[in-house]
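Visitor: First, the structure itself, so that you have it in front of you.
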Amino acid sequence: MGSNEVSAEPLMICAPIRSQCVEQILKNMHQAKAQGADVVEISLDHITNFHPHNHLQTILTNKLLPILFSYRPKWEGGLYEGDENIRLEALQLAMELGADFIDIELKAFSCFKTIMEQKKKHSNHGKIIVSSYVDGVTPTTSELLNLVTLMQATGADMIKLVTNAEDITEIKRIFSILPYSKVPLIAYSVGDRGLISQLLCPKFGGFFVYGTLDGNPVPGMPPLETLQEAYKLEHVNEATKVFGLISKPVGHSKGPLLHNPTFRHAKFNGMYVPMFVDDLKEFFSTYTSDFAGYSVGFPYKEKVLSFCDEVHPLAQSIGAVNTIVRRPIDGKLVGYNTDCEGAITAIEDALIEHGCNDGGEVLSSPLARRLFVLVGAGGAGRALAFGAKSRGSRVVIFDIDFERAKSLASAVSGEAWHYKALASFEPEKGAILANATPIGMHPNIGDRISVAEASLKEYELVFDAVYTPRKTRLLKEADEVGAITVSGVEMFLRQARAQFNLFTGLQAPEHFMREIVLSKF
């Protein structure tokens, strides 16, 4: 095993600053401090007409946080294309002027040894980070360990290893090397599939996490605000249980904003993270005991059944799973569906609240005997269709994939229509319309399903499973014609409460979770 030095390092949140002028850098530093950063990394290669002495002196004189300077050449993914000696001299000057950290590439370090000597000679307190940026597929664990050994041999105070994961399963290799470094190791992967390398690094022995400034998104890096509000990584440790959303894409997920504060409120040591998954088989074979449960999103709710060791009868009958729990006693994956009751009870309660309970007293549900018009026959659509059928509704299903619509209609004794027919479909008065497609989801908020405007007013209630934004274009237009509307946020909340119960074995704090949803969604 490796040294315990890494685990002894206090957690540091670093904000990258890649501005073109010094004035903006200083503004960004104020912003970073206000948003909870512990250190900033300033990329000198991004500064237009960079004048080392003047610009470095101004930045360091006005610094509000410890500063890490990098000056990345183009051959290592940066912008600098000039003389290499001038670049190295600028980094040496930064050290002499009082930089807290400077970052020098492993490939350039042989030309940089004089800085190490100068540091020792002048007892400079700044730390030197030797870094390596790996393009393409993340190397094997043994290859990464060899690279770590090479960087350690330079005598640097810290080392930094950055990859560009092409698949989320590559991140496990990064986690596996963290305990083996004899000096503090910063290791992560960039890009959308690399996000968990930032969020979960404290669990596996990492100490340095990057978070972006508001308005300056970087793929694979969480916003500083979200780190502080949702994740609070200072509470993460080796015993933290990992949960997350399996989806593609995953950037729309607000699950971390709800689940993580709820875990802390319940004093449950868990972390919920977005997981951009390309290959379910590879994912489940790579991440095992450390990962205790999952939410399942688009487009995997149906496909994931075959990767579950057991499936709850309701989920089996629906043919879709949105929740998976790794059973502690044997490690088996058990699939559930919390979407069904989450969506249907949200619709029922809205009808009851508005006094639309025809048939409810006899058949126990205000959905009984109603026409339930469903758009989308995927995982969420299957949950809605089975839920509506169980309440006595007559189900009509529209989908671009007509064969899929027919298959679902057959399962719920309903009717199947091609999506194109939706524009001319005339519902009976008092029908329910439910959108179970991603149409209208952020960032495409101007879109909506092609139900005719004249027909929209015939529906008693319109439900949209999309929850980002909270009020979709479909719901806004339904409001305008006087229909009852139910947002996907309500479905999200209800299914999340059921997920919390399954994840933790505890009872979900309903009032606490609703307050979060109302204030943050």
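By order of appearance in the structure tokens: chains A, B, ..., then residues from 1 within every chain, and ligands from 1 in the order shown.
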Report the closest atom pair, with its distance in Å rounded to one decimal, for each residue of region 312-359 of chain A that has an atom no farther than 12 Å from region 401-424 of chain A; count only C-alpha atoms, sort by chain and then rising residue number, and write it as CSV.

Guide:
```
residue,atom,partner,partner_atom,distance
A:Ser317,CA,A:Ala411,CA,8.9
A:Ile318,CA,A:Ala411,CA,8.7
A:Gly319,CA,A:Leu408,CA,9.5
A:Ala320,CA,A:Leu408,CA,11.5
```

Visitor: Name the residues of region 27-193 of chain A that fall into alpha helix (DSSP H) according to DSSP on the backbone, using the chain letters and numbers of this document, as an MDAnalysis selection string.

Guide: chainID A and resid 27:34 52:61 84:96 113:122 141:152 171:177

Visitor: With C-alpha atoms retained, could you export that selection as a PDB file, in the first residue's frame?

Guide:
```pdb
ATOM      1  CA  LYS A  27     -12.555  39.983 -10.251  1.00  0.00           C
ATOM      2  CA  ASN A  28     -12.675  36.202 -10.700  1.00  0.00           C
ATOM      3  CA  MET A  29     -10.542  35.767  -7.590  1.00  0.00           C
ATOM      4  CA  HIS A  30     -13.070  37.767  -5.552  1.00  0.00           C
ATOM      5  CA  GLN A  31     -15.819  35.623  -7.041  1.00  0.00           C
ATOM      6  CA  ALA A  32     -13.948  32.398  -6.258  1.00  0.00           C
ATOM      7  CA  LYS A  33     -13.450  33.359  -2.635  1.00  0.00           C
ATOM      8  CA  ALA A  34     -17.116  34.302  -2.263  1.00  0.00           C
ATOM      9  CA  PRO A  52       5.469  38.452 -16.752  1.00  0.00           C
ATOM     10  CA  HIS A  53       6.865  40.903 -14.190  1.00  0.00           C
ATOM     11  CA  ASN A  54       4.080  43.495 -14.333  1.00  0.00           C
ATOM     12  CA  HIS A  55       1.193  41.060 -14.521  1.00  0.00           C
ATOM     13  CA  LEU A  56       2.518  38.599 -11.928  1.00  0.00           C
ATOM     14  CA  GLN A  57       3.346  41.416  -9.513  1.00  0.00           C
ATOM     15  CA  THR A  58      -0.161  42.887  -9.858  1.00  0.00           C
ATOM     16  CA  ILE A  59      -1.861  39.543  -9.364  1.00  0.00           C
ATOM     17  CA  LEU A  60       0.224  38.526  -6.343  1.00  0.00           C
ATOM     18  CA  THR A  61      -0.028  41.941  -4.686  1.00  0.00           C
ATOM     19  CA  GLU A  84      10.200  27.623 -24.174  1.00  0.00           C
ATOM     20  CA  ASN A  85      12.915  29.381 -22.172  1.00  0.00           C
ATOM     21  CA  ILE A  86      10.743  32.487 -21.828  1.00  0.00           C
ATOM     22  CA  ARG A  87       7.856  30.347 -20.566  1.00  0.00           C
ATOM     23  CA  LEU A  88      10.008  28.617 -17.950  1.00  0.00           C
ATOM     24  CA  GLU A  89      11.547  31.907 -16.849  1.00  0.00           C
ATOM     25  CA  ALA A  90       8.051  33.316 -16.255  1.00  0.00           C
ATOM     26  CA  LEU A  91       7.213  30.387 -13.971  1.00  0.00           C
ATOM     27  CA  GLN A  92      10.512  30.854 -12.140  1.00  0.00           C
ATOM     28  CA  LEU A  93       9.691  34.536 -11.679  1.00  0.00           C
ATOM     29  CA  ALA A  94       6.262  33.610 -10.302  1.00  0.00           C
ATOM     30  CA  MET A  95       7.974  31.472  -7.685  1.00  0.00           C
ATOM     31  CA  GLU A  96      10.411  34.247  -6.767  1.00  0.00           C
ATOM     32  CA  LYS A 113      15.812  21.940 -12.285  1.00  0.00           C
ATOM     33  CA  THR A 114      17.357  25.309 -11.508  1.00  0.00           C
ATOM     34  CA  ILE A 115      14.058  26.403  -9.988  1.00  0.00           C
ATOM     35  CA  MET A 116      14.274  23.528  -7.532  1.00  0.00           C
ATOM     36  CA  GLU A 117      17.774  24.675  -6.626  1.00  0.00           C
ATOM     37  CA  GLN A 118      16.648  28.310  -6.316  1.00  0.00           C
ATOM     38  CA  LYS A 119      13.795  27.243  -4.100  1.00  0.00           C
ATOM     39  CA  LYS A 120      16.106  25.399  -1.723  1.00  0.00           C
ATOM     40  CA  LYS A 121      18.647  28.232  -1.770  1.00  0.00           C
ATOM     41  CA  HIS A 122      16.145  30.961  -0.915  1.00  0.00           C
ATOM     42  CA  THR A 141      -3.453   1.149 -13.703  1.00  0.00           C
ATOM     43  CA  SER A 142       0.111  -0.174 -13.930  1.00  0.00           C
ATOM     44  CA  GLU A 143       0.989   2.415 -16.578  1.00  0.00           C
ATOM     45  CA  LEU A 144      -0.450   5.183 -14.398  1.00  0.00           C
ATOM     46  CA  LEU A 145       1.562   3.949 -11.419  1.00  0.00           C
ATOM     47  CA  ASN A 146       4.735   4.012 -13.535  1.00  0.00           C
ATOM     48  CA  LEU A 147       3.939   7.598 -14.517  1.00  0.00           C
ATOM     49  CA  VAL A 148       3.405   8.524 -10.866  1.00  0.00           C
ATOM     50  CA  THR A 149       6.795   7.003 -10.030  1.00  0.00           C
ATOM     51  CA  LEU A 150       8.473   9.096 -12.734  1.00  0.00           C
ATOM     52  CA  MET A 151       6.867  12.298 -11.432  1.00  0.00           C
ATOM     53  CA  GLN A 152       7.783  11.500  -7.825  1.00  0.00           C
ATOM     54  CA  ILE A 171     -12.059   6.691 -13.768  1.00  0.00           C
ATOM     55  CA  LYS A 172     -11.664   3.634 -11.552  1.00  0.00           C
ATOM     56  CA  ARG A 173      -8.002   3.495 -12.617  1.00  0.00           C
ATOM     57  CA  ILE A 174      -7.533   7.005 -11.241  1.00  0.00           C
ATOM     58  CA  PHE A 175      -9.195   6.093  -7.952  1.00  0.00           C
ATOM     59  CA  SER A 176      -6.999   3.002  -7.662  1.00  0.00           C
ATOM     60  CA  ILE A 177      -3.681   4.889  -7.823  1.00  0.00           C
TER      61      ILE A 177
END
```

Visitor: Ala434 (chain A): which residues within 8 Å, counting only C-alpha atoms, same-chain residues fewer than 3 positions away excluded, as JSON, numbers by chain?

Guide: {"A": [372, 373, 374, 375, 462, 463, 464, 465]}

Visitor: Convert the current residue selection to file output with N, CA and C atoms, as a PDB file, in the first residue's frame.

Guide:
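So the final result, stored in selection39.pdb, reads:
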```pdb
ATOM      1  N   PHE A 372     -56.737   8.228 -20.960  1.00  0.00           N
ATOM      2  CA  PHE A 372     -55.379   8.627 -20.565  1.00  0.00           C
ATOM      3  C   PHE A 372     -54.520   8.612 -21.824  1.00  0.00           C
ATOM      4  N   VAL A 373     -54.193   9.806 -22.318  1.00  0.00           N
ATOM      5  CA  VAL A 373     -53.435   9.942 -23.560  1.00  0.00           C
ATOM      6  C   VAL A 373     -51.962  10.106 -23.207  1.00  0.00           C
ATOM      7  N   LEU A 374     -51.183   9.118 -23.577  1.00  0.00           N
ATOM      8  CA  LEU A 374     -49.769   9.058 -23.204  1.00  0.00           C
ATOM      9  C   LEU A 374     -48.885   9.254 -24.422  1.00  0.00           C
ATOM     10  N   VAL A 375     -47.935  10.168 -24.313  1.00  0.00           N
ATOM     11  CA  VAL A 375     -46.986  10.409 -25.394  1.00  0.00           C
ATOM     12  C   VAL A 375     -45.612   9.929 -24.935  1.00  0.00           C
ATOM     13  N   VAL A 462     -53.055  18.119 -17.664  1.00  0.00           N
ATOM     14  CA  VAL A 462     -51.868  17.874 -18.481  1.00  0.00           C
ATOM     15  C   VAL A 462     -50.676  17.658 -17.558  1.00  0.00           C
ATOM     16  N   PHE A 463     -50.008  16.537 -17.756  1.00  0.00           N
ATOM     17  CA  PHE A 463     -48.829  16.178 -16.958  1.00  0.00           C
ATOM     18  C   PHE A 463     -47.607  16.127 -17.867  1.00  0.00           C
ATOM     19  N   ASP A 464     -46.476  16.640 -17.381  1.00  0.00           N
ATOM     20  CA  ASP A 464     -45.224  16.580 -18.146  1.00  0.00           C
ATOM     21  C   ASP A 464     -44.147  15.971 -17.260  1.00  0.00           C
ATOM     22  N   ALA A 465     -43.591  14.850 -17.683  1.00  0.00           N
ATOM     23  CA  ALA A 465     -42.555  14.185 -16.888  1.00  0.00           C
ATOM     24  C   ALA A 465     -41.246  14.969 -16.859  1.00  0.00           C
TER      25      ALA A 465
END
```

Visitor: List the spatial neighbours of region 35-46 of chain A as a ChimeraX atom specification - criterion: any atom at most 8 Å away, only C-alpha atoms, same-chain residues fewer than 3 positions off excluded.

Guide: /A:12-20,25,29,31-32,50,65-73,78-80,211,213,224-225,228

Visitor: Taking only C-alpha atoms into account, name the residue in A:Ile397, A:Met271, A:Ala292, A:Val466 that is nearest to Val489 (chain A).

Guide: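 Among the listed residues, A:Val466 lies closest to Val489 (chain A).
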
Visitor: Of the residues A:Tyr300, A:Leu333, A:Ala452, A:Thr140, which is the one nearest to His312 (chain A), using only C-alpha atoms?

Guide: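 Among the listed residues, A:Leu333 lies closest to His312 (chain A).
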
Visitor: What gap, in Å, lies between CA of Glu460 (chain A) and CA of Ala498 (chain A)?

Guide: 27.7 Å

Visitor: Can you list, as a PyMOL selection string, all residues belonging to region 108-297 of chain A that DSSP tags as strand (DSSP E or B)?

Guide: chain A and resi 127-133+158-163+185-189+208-210+212+223+241-247+270-276+291-296

Visitor: Leu26 (chain A): which residues within 9 Å, counting only C-alpha atoms, same-chain residues fewer than 6 positions away excluded, as a list of chain:residue names?

Guide: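 Near Leu26 (chain A), the qualifying residues are A:Ile59, A:Asn62, A:Lys63, A:Leu64.
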
Visitor: What does the file look like for those residues with all heavy atoms, as an mmCIF file, in the first residue's frame?

Guide:
```
data_model
loop_
_atom_site.group_PDB
_atom_site.id
_atom_site.type_symbol
_atom_site.label_atom_id
_atom_site.label_comp_id
_atom_site.auth_asym_id
_atom_site.auth_seq_id
_atom_site.Cartn_x
_atom_site.Cartn_y
_atom_site.Cartn_z
ATOM 1 N N ILE A 59 -1.014 40.637 -9.848
ATOM 2 C CA ILE A 59 -1.861 39.543 -9.364
ATOM 3 C C ILE A 59 -1.500 39.161 -7.938
ATOM 4 O O ILE A 59 -2.369 39.023 -7.058
ATOM 5 C CB ILE A 59 -1.741 38.319 -10.302
ATOM 6 C CG1 ILE A 59 -2.350 38.633 -11.672
ATOM 7 C CG2 ILE A 59 -2.433 37.098 -9.689
ATOM 8 C CD1 ILE A 59 -2.036 37.596 -12.742
ATOM 9 N N ASN A 62 -2.385 41.642 -5.151
ATOM 10 C CA ASN A 62 -3.820 41.769 -4.863
ATOM 11 C C ASN A 62 -4.507 40.428 -4.591
ATOM 12 O O ASN A 62 -5.733 40.340 -4.621
ATOM 13 C CB ASN A 62 -4.514 42.450 -6.047
ATOM 14 C CG ASN A 62 -4.089 43.897 -6.224
ATOM 15 O OD1 ASN A 62 -4.588 44.782 -5.543
ATOM 16 N ND2 ASN A 62 -3.152 44.119 -7.135
ATOM 17 N N LYS A 63 -3.730 39.419 -4.308
ATOM 18 C CA LYS A 63 -4.338 38.092 -4.172
ATOM 19 C C LYS A 63 -5.175 37.997 -2.889
ATOM 20 O O LYS A 63 -4.822 38.541 -1.852
ATOM 21 C CB LYS A 63 -3.266 36.999 -4.183
ATOM 22 C CG LYS A 63 -2.452 36.848 -2.914
ATOM 23 C CD LYS A 63 -1.571 35.606 -3.019
ATOM 24 C CE LYS A 63 -0.851 35.353 -1.692
ATOM 25 N NZ LYS A 63 -0.051 34.116 -1.727
ATOM 26 N N LEU A 64 -6.274 37.275 -3.014
ATOM 27 C CA LEU A 64 -7.174 37.025 -1.892
ATOM 28 C C LEU A 64 -7.114 35.577 -1.428
ATOM 29 O O LEU A 64 -7.583 35.249 -0.340
ATOM 30 C CB LEU A 64 -8.621 37.351 -2.299
ATOM 31 C CG LEU A 64 -8.906 38.796 -2.694
ATOM 32 C CD1 LEU A 64 -10.315 38.898 -3.244
ATOM 33 C CD2 LEU A 64 -8.738 39.709 -1.497
#
```

Visitor: Might you pull out every residue within 9 Å of Ala478 (chain A), with only C-alpha atoms counted and same-chain residues fewer than 3 positions away left off, and present them as a PDB file with N, CA, C and O atoms, in the first residue's frame?

Guide:
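The resulting file, result.pdb, is reproduced below:
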```pdb
ATOM      1  N   GLU A 453     -53.195  22.931 -30.524  1.00  0.00           N
ATOM      2  CA  GLU A 453     -53.583  23.939 -29.537  1.00  0.00           C
ATOM      3  C   GLU A 453     -55.074  23.875 -29.241  1.00  0.00           C
ATOM      4  O   GLU A 453     -55.511  24.010 -28.088  1.00  0.00           O
ATOM      5  N   LEU A 456     -55.824  21.007 -26.870  1.00  0.00           N
ATOM      6  CA  LEU A 456     -55.250  21.091 -25.529  1.00  0.00           C
ATOM      7  C   LEU A 456     -56.299  21.467 -24.489  1.00  0.00           C
ATOM      8  O   LEU A 456     -56.291  20.966 -23.356  1.00  0.00           O
ATOM      9  N   LYS A 457     -57.266  22.330 -24.870  1.00  0.00           N
ATOM     10  CA  LYS A 457     -58.275  22.784 -23.914  1.00  0.00           C
ATOM     11  C   LYS A 457     -59.286  21.702 -23.558  1.00  0.00           C
ATOM     12  O   LYS A 457     -60.066  21.849 -22.606  1.00  0.00           O
ATOM     13  N   TYR A 459     -58.448  18.725 -22.594  1.00  0.00           N
ATOM     14  CA  TYR A 459     -57.883  17.887 -21.536  1.00  0.00           C
ATOM     15  C   TYR A 459     -58.167  18.498 -20.162  1.00  0.00           C
ATOM     16  O   TYR A 459     -57.975  19.703 -19.955  1.00  0.00           O
ATOM     17  N   LEU A 461     -56.553  17.555 -17.430  1.00  0.00           N
ATOM     18  CA  LEU A 461     -55.252  17.693 -16.755  1.00  0.00           C
ATOM     19  C   LEU A 461     -54.142  17.350 -17.737  1.00  0.00           C
ATOM     20  O   LEU A 461     -54.264  16.415 -18.539  1.00  0.00           O
ATOM     21  N   VAL A 462     -53.055  18.119 -17.664  1.00  0.00           N
ATOM     22  CA  VAL A 462     -51.868  17.874 -18.481  1.00  0.00           C
ATOM     23  C   VAL A 462     -50.676  17.658 -17.558  1.00  0.00           C
ATOM     24  O   VAL A 462     -50.388  18.484 -16.683  1.00  0.00           O
ATOM     25  N   ARG A 473     -42.927  24.468 -21.709  1.00  0.00           N
ATOM     26  CA  ARG A 473     -43.793  25.174 -22.652  1.00  0.00           C
ATOM     27  C   ARG A 473     -45.168  24.495 -22.718  1.00  0.00           C
ATOM     28  O   ARG A 473     -46.209  25.166 -22.771  1.00  0.00           O
ATOM     29  N   LEU A 474     -45.187  23.155 -22.696  1.00  0.00           N
ATOM     30  CA  LEU A 474     -46.455  22.422 -22.737  1.00  0.00           C
ATOM     31  C   LEU A 474     -47.334  22.808 -21.551  1.00  0.00           C
ATOM     32  O   LEU A 474     -48.535  23.076 -21.708  1.00  0.00           O
ATOM     33  N   LEU A 475     -46.756  22.870 -20.367  1.00  0.00           N
ATOM     34  CA  LEU A 475     -47.544  23.201 -19.171  1.00  0.00           C
ATOM     35  C   LEU A 475     -48.000  24.659 -19.187  1.00  0.00           C
ATOM     36  O   LEU A 475     -49.112  24.972 -18.754  1.00  0.00           O
ATOM     37  N   VAL A 481     -55.055  27.627 -21.290  1.00  0.00           N
ATOM     38  CA  VAL A 481     -56.391  27.199 -21.735  1.00  0.00           C
ATOM     39  C   VAL A 481     -57.220  26.624 -20.582  1.00  0.00           C
ATOM     40  O   VAL A 481     -58.321  26.111 -20.803  1.00  0.00           O
ATOM     41  N   GLY A 482     -56.697  26.729 -19.355  1.00  0.00           N
ATOM     42  CA  GLY A 482     -57.490  26.366 -18.184  1.00  0.00           C
ATOM     43  C   GLY A 482     -57.377  24.930 -17.714  1.00  0.00           C
ATOM     44  O   GLY A 482     -58.150  24.498 -16.844  1.00  0.00           O
ATOM     45  N   ALA A 483     -56.421  24.174 -18.243  1.00  0.00           N
ATOM     46  CA  ALA A 483     -56.247  22.791 -17.789  1.00  0.00           C
ATOM     47  C   ALA A 483     -55.513  22.761 -16.449  1.00  0.00           C
ATOM     48  O   ALA A 483     -54.744  23.667 -16.125  1.00  0.00           O
ATOM     49  N   ILE A 484     -55.773  21.728 -15.651  1.00  0.00           N
ATOM     50  CA  ILE A 484     -54.973  21.468 -14.465  1.00  0.00           C
ATOM     51  C   ILE A 484     -53.598  21.006 -14.952  1.00  0.00           C
ATOM     52  O   ILE A 484     -53.502  20.210 -15.887  1.00  0.00           O
ATOM     53  N   THR A 485     -52.531  21.488 -14.356  1.00  0.00           N
ATOM     54  CA  THR A 485     -51.194  21.070 -14.796  1.00  0.00           C
ATOM     55  C   THR A 485     -50.423  20.462 -13.631  1.00  0.00           C
ATOM     56  O   THR A 485     -50.534  20.914 -12.492  1.00  0.00           O
TER      57      THR A 485
END
```

Visitor: Considering only C-alpha atoms, return as a PyMOL selection string whatever protein or nucleic-acid residues lie within 6 Å of Gly194 (chain A), sequence-local ones (same chain, fewer than 4 positions apart) excluded.

Guide: chain A and resi 189-190+220

Visitor: With all heavy atoms retained, export the selected residues as a tab-separated table (two decimals), in the first residue's frame.

Guide:
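To be explicit, this is the file written out as result-v9.tsv:
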```
chain	number	residue	atom	x	y	z
A	189	SER	N	-9.95	13.34	-14.26
A	189	SER	CA	-10.18	13.25	-15.69
A	189	SER	C	-11.09	14.39	-16.12
A	189	SER	O	-12.03	14.75	-15.41
A	189	SER	CB	-10.82	11.91	-16.06
A	189	SER	OG	-10.97	11.80	-17.46
A	190	VAL	N	-10.80	14.97	-17.27
A	190	VAL	CA	-11.62	16.06	-17.79
A	190	VAL	C	-12.73	15.49	-18.67
A	190	VAL	O	-12.75	14.31	-19.01
A	190	VAL	CB	-10.76	17.06	-18.59
A	190	VAL	CG1	-9.74	17.72	-17.69
A	190	VAL	CG2	-10.05	16.36	-19.76
A	220	GLY	N	-16.87	18.30	-17.02
A	220	GLY	CA	-16.20	17.43	-16.06
A	220	GLY	C	-15.87	18.07	-14.73
A	220	GLY	O	-15.34	17.41	-13.84
```
